[in-house]
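**Q** For reference, the structure I am asking about is given below.
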Amino acid sequence: RKPATEAPAPESPPPSSAAPVDVGVFLPLKGHAQSSGDAVLNGLVMAAEESNAAGGVLGRPIRLVVRDTRSEPDRAQKAVRDLVAQDKVVALIGGLSAGSAEAAAVADELGMPLLALGSTMPGIPSREPWIFRLCYADAFSGRVMAKFAESLNAMRALILYDSSSDYAKTLALAFGRQFKNRKGAGVALETYTPDLAGLGAKLAEAKRKSPDIVY
């Protein structure tokens with residue numbers, strides 16, 4: 001009897017000779033949001049590799065052109081302009097940290113499609129065909145948490161937020177407005193600084209006020 005033979009392994013598709021589709025990526029690969037930027041870039045690289053192994057887009061391989069925003073607002077805007085003017089990309093992916101709203105405005109101005117990944121802040125242009133926000137906005141998140149607090153029968157809420165963060169302020173205001181919609185519900189606001197100075201005292205004061213929930 002002839003020995004059993006294994007099925008031949010599928011051959012990898014031959015490298016494409018077609019011109020690549022250049023997609024611009026602007027992410028914080030340094031600075032305070034580096035860990036988020038690194039994670040997103042890893043995912044994008046894996047997605048591009050999978051797409052290219054399956055034949056790419058219309059027979060053309062995807063090539064990622066990456067620029068680092070360093071978590072700085074001005075660099076996010078510049079990255080978008082450079083990717084379009086210098087790198088000649090056909091689309092953009094980005095928006096995770098400071099400058100996302102400004103970067104989206106530039107993409108909209110230039111008529112360049114942008115997948116806004118983590119742009120939760122208000123002010124992101126959301127009109128097609130250029131800007132596609134792939135996440136919820138900050139105000140929505142605040143309202144949802146207020147409704148969750150309501151499901152716990154909370155009537156007194158203490159909102160403790162970083163006074164230097166627009167992100168935190170937006171969440172705090174959205175939560176407060178939604179929470180106070182109910183008759184008899186009350187909200188107190190307290191702030192702290194990014195260096196956490198005095199946060200222990202703030203928490204102790206919060207405990208003395210005996211709120212039903214701290215947001």
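Scheme for the structure tokens: letters A, B, ... for chains in order shown; per-chain residue numbers from 1; ligand numbers from 1 in order shown.
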Neighbours of Ala18 (chain A) within 12 Å (only C-alpha atoms; same-chain residues fewer than 4 positions away dropped), as an MDAnalysis selection string?
**A** chainID A and resid 14 52 55:63
**Q** Let's have the selection written as a compact mmCIF listing (two decimals), in the first residue's frame, with C-alpha atoms.
**A**
# COMPACT_ATOMS: atom_id res chain seq x y z
CA PRO A 14 2.73 35.97 -5.37
CA ASN A 52 -2.63 41.95 1.38
CA GLY A 55 -5.08 40.04 -2.59
CA GLY A 56 -5.28 43.58 -1.24
CA VAL A 57 -7.79 46.15 -2.43
CA LEU A 58 -8.85 45.73 -6.06
CA GLY A 59 -5.69 43.73 -6.60
CA ARG A 60 -3.45 46.37 -5.06
CA PRO A 61 -1.59 45.96 -1.74
CA ILE A 62 -2.22 48.36 1.12
CA ARG A 63 0.78 50.33 2.35
**Q** Run DSSP on the backbone and give me the residues of region 113-203 of chain A it puts in strand (DSSP E or B), as a VMD selection string.
**A** chain A and resid 114 to 116 131 to 133 156 to 162 186 to 192
**Q** Mind writing the picked residues with all heavy atoms as a short mmCIF file (atom, residue, chain, number, x, y, z; two decimals), in the first residue's frame?
**A**
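So selection05.cif came out as:
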data_model
loop_
_atom_site.label_atom_id
_atom_site.label_comp_id
_atom_site.auth_asym_id
_atom_site.auth_seq_id
_atom_site.Cartn_x
_atom_site.Cartn_y
_atom_site.Cartn_z
N LEU A 114 -11.37 60.30 6.23
CA LEU A 114 -10.70 60.04 7.50
C LEU A 114 -11.55 59.12 8.35
O LEU A 114 -12.73 59.39 8.60
CB LEU A 114 -10.46 61.35 8.26
CG LEU A 114 -10.11 61.21 9.75
CD1 LEU A 114 -8.78 60.48 9.93
CD2 LEU A 114 -10.08 62.58 10.42
N LEU A 115 -10.95 58.02 8.80
CA LEU A 115 -11.55 57.17 9.82
C LEU A 115 -11.05 57.67 11.17
O LEU A 115 -9.89 57.48 11.52
CB LEU A 115 -11.16 55.70 9.62
CG LEU A 115 -11.60 55.04 8.31
CD1 LEU A 115 -11.16 53.59 8.30
CD2 LEU A 115 -13.10 55.14 8.12
N ALA A 116 -11.93 58.36 11.92
CA ALA A 116 -11.56 58.92 13.22
C ALA A 116 -11.78 57.85 14.28
O ALA A 116 -12.90 57.59 14.70
CB ALA A 116 -12.40 60.16 13.50
N ILE A 131 -15.51 62.50 6.77
CA ILE A 131 -15.17 62.13 8.14
C ILE A 131 -16.10 61.04 8.65
O ILE A 131 -17.32 61.17 8.58
CB ILE A 131 -15.25 63.35 9.09
CG1 ILE A 131 -14.51 64.55 8.50
CG2 ILE A 131 -14.69 62.98 10.46
CD1 ILE A 131 -13.04 64.32 8.24
N PHE A 132 -15.52 59.97 9.17
CA PHE A 132 -16.30 58.85 9.72
C PHE A 132 -15.83 58.62 11.16
O PHE A 132 -14.78 58.02 11.38
CB PHE A 132 -16.10 57.59 8.88
CG PHE A 132 -16.54 57.76 7.44
CD1 PHE A 132 -15.66 58.29 6.50
CD2 PHE A 132 -17.81 57.40 7.04
CE1 PHE A 132 -16.04 58.45 5.18
CE2 PHE A 132 -18.20 57.56 5.71
CZ PHE A 132 -17.32 58.09 4.78
N ARG A 133 -16.61 59.11 12.11
CA ARG A 133 -16.28 58.89 13.52
C ARG A 133 -16.68 57.46 13.88
O ARG A 133 -17.85 57.08 13.75
CB ARG A 133 -17.04 59.88 14.40
CG ARG A 133 -16.55 59.91 15.85
CD ARG A 133 -17.64 60.42 16.78
NE ARG A 133 -17.98 61.81 16.61
CZ ARG A 133 -17.52 62.81 17.38
NH1 ARG A 133 -16.67 62.55 18.35
NH2 ARG A 133 -17.92 64.04 17.18
N ARG A 156 -28.26 61.36 44.98
CA ARG A 156 -27.24 62.37 45.28
C ARG A 156 -25.93 61.91 44.64
O ARG A 156 -25.41 60.83 44.97
CB ARG A 156 -27.05 62.53 46.79
CG ARG A 156 -28.30 62.99 47.53
CD ARG A 156 -28.02 63.29 49.00
NE ARG A 156 -27.29 62.21 49.66
CZ ARG A 156 -27.85 61.11 50.13
NH1 ARG A 156 -29.15 60.92 49.99
NH2 ARG A 156 -27.12 60.19 50.74
N ALA A 157 -25.41 62.73 43.75
CA ALA A 157 -24.18 62.37 43.04
C ALA A 157 -23.10 63.41 43.30
O ALA A 157 -23.37 64.61 43.31
CB ALA A 157 -24.44 62.27 41.54
N LEU A 158 -21.89 62.93 43.51
CA LEU A 158 -20.73 63.81 43.57
C LEU A 158 -19.90 63.55 42.32
O LEU A 158 -19.52 62.41 42.04
CB LEU A 158 -19.88 63.51 44.82
CG LEU A 158 -18.56 64.28 44.89
CD1 LEU A 158 -18.82 65.77 45.07
CD2 LEU A 158 -17.68 63.76 46.01
N ILE A 159 -19.63 64.61 41.56
CA ILE A 159 -18.82 64.50 40.35
C ILE A 159 -17.43 65.04 40.67
O ILE A 159 -17.27 66.20 41.06
CB ILE A 159 -19.43 65.30 39.19
CG1 ILE A 159 -20.85 64.80 38.90
CG2 ILE A 159 -18.57 65.20 37.95
CD1 ILE A 159 -21.58 65.62 37.86
N LEU A 160 -16.43 64.20 40.53
CA LEU A 160 -15.05 64.55 40.82
C LEU A 160 -14.26 64.46 39.53
O LEU A 160 -14.15 63.39 38.94
CB LEU A 160 -14.49 63.57 41.86
CG LEU A 160 -13.09 63.83 42.41
CD1 LEU A 160 -13.03 65.15 43.15
CD2 LEU A 160 -12.68 62.69 43.35
N TYR A 161 -13.73 65.59 39.05
CA TYR A 161 -13.09 65.57 37.74
C TYR A 161 -11.83 66.43 37.68
O TYR A 161 -11.66 67.36 38.48
CB TYR A 161 -14.08 66.00 36.65
CG TYR A 161 -14.48 67.46 36.68
CD1 TYR A 161 -13.85 68.38 35.85
CD2 TYR A 161 -15.48 67.91 37.52
CE1 TYR A 161 -14.21 69.72 35.87
CE2 TYR A 161 -15.85 69.24 37.54
CZ TYR A 161 -15.21 70.14 36.72
OH TYR A 161 -15.58 71.46 36.74
N ASP A 162 -10.98 66.10 36.73
CA ASP A 162 -9.72 66.81 36.48
C ASP A 162 -10.04 68.16 35.82
O ASP A 162 -10.51 68.21 34.69
CB ASP A 162 -8.83 65.95 35.58
CG ASP A 162 -7.54 66.63 35.18
OD1 ASP A 162 -7.31 67.79 35.56
OD2 ASP A 162 -6.74 65.99 34.45
N GLY A 186 -29.82 65.51 43.05
CA GLY A 186 -28.88 66.60 43.25
C GLY A 186 -27.47 66.22 42.89
O GLY A 186 -27.08 65.04 42.95
N VAL A 187 -26.68 67.23 42.47
CA VAL A 187 -25.31 67.00 42.03
C VAL A 187 -24.39 68.01 42.70
O VAL A 187 -24.72 69.19 42.81
CB VAL A 187 -25.19 67.17 40.49
CG1 VAL A 187 -23.73 67.18 40.07
CG2 VAL A 187 -25.92 66.04 39.79
N ALA A 188 -23.24 67.54 43.16
CA ALA A 188 -22.18 68.41 43.66
C ALA A 188 -20.95 68.19 42.81
O ALA A 188 -20.66 67.06 42.41
CB ALA A 188 -21.89 68.10 45.13
N LEU A 189 -20.22 69.28 42.53
CA LEU A 189 -19.03 69.21 41.69
C LEU A 189 -17.79 69.46 42.53
O LEU A 189 -17.75 70.39 43.34
CB LEU A 189 -19.09 70.23 40.56
CG LEU A 189 -20.14 70.03 39.47
CD1 LEU A 189 -20.20 71.24 38.56
CD2 LEU A 189 -19.80 68.79 38.65
N GLU A 190 -16.76 68.64 42.31
CA GLU A 190 -15.45 68.84 42.93
C GLU A 190 -14.39 68.60 41.86
O GLU A 190 -14.56 67.73 40.99
CB GLU A 190 -15.23 67.87 44.10
CG GLU A 190 -16.13 68.09 45.30
CD GLU A 190 -15.72 69.28 46.14
OE1 GLU A 190 -14.62 69.82 45.89
OE2 GLU A 190 -16.49 69.67 47.04
N THR A 191 -13.32 69.37 41.93
CA THR A 191 -12.24 69.20 40.95
C THR A 191 -10.94 68.80 41.64
O THR A 191 -10.79 68.96 42.85
CB THR A 191 -11.99 70.51 40.18
OG1 THR A 191 -11.56 71.52 41.09
CG2 THR A 191 -13.25 70.97 39.46
N TYR A 192 -10.03 68.25 40.84
CA TYR A 192 -8.67 67.96 41.33
C TYR A 192 -7.70 68.29 40.21
O TYR A 192 -8.10 68.55 39.07
CB TYR A 192 -8.54 66.51 41.79
CG TYR A 192 -8.73 65.47 40.70
CD1 TYR A 192 -7.64 65.01 39.96
CD2 TYR A 192 -10.00 64.96 40.40
CE1 TYR A 192 -7.81 64.06 38.96
CE2 TYR A 192 -10.17 64.02 39.40
CZ TYR A 192 -9.07 63.58 38.69
OH TYR A 192 -9.24 62.65 37.70
#
**Q** What gap, in Å, lies between CA of Ala33 (chain A) and CA of Val90 (chain A)?
**A**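 About the pair CA of Ala33 (chain A) and CA of Val90 (chain A): they are 25.7 Å apart.
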**Q** Measuring between only C-alpha atoms, which one of A:Ala154, A:Ala168, A:Ile93, A:Val25 shows the shortest distance to Lys180 (chain A)?
**A** A:Ala154
**Q** Which residues come within 7 Å of region 99-102 of chain A, counting only C-alpha atoms, excluding same-chain residues fewer than 4 positions away, as a VMD selection string?
**A** chain A and resid 72 to 74 76 to 77 95 106 119 123 to 124
**Q** Which residue is closest to Asn153 (chain A)? Choose from A:Val84, A:Ala185, A:Leu92, A:Val23 and count only C-alpha atoms.
**A**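 For Asn153 (chain A), the nearest of the given residues is A:Ala185.
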**Q** What residues in region 8-215 of chain A get the DSSP label alpha helix (DSSP H)? Please answer as a PyMOL selection string.
**A** chain A and resi 34-53+73-85+100-110+138-151+166-179+199-209
**Q** Rounded to one decimal, what separation in Å do you get between CA of Thr193 (chain A) and CA of Ala172 (chain A)?
**A**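 Going from CA of Thr193 (chain A) over to CA of Ala172 (chain A) covers 14.8 Å.
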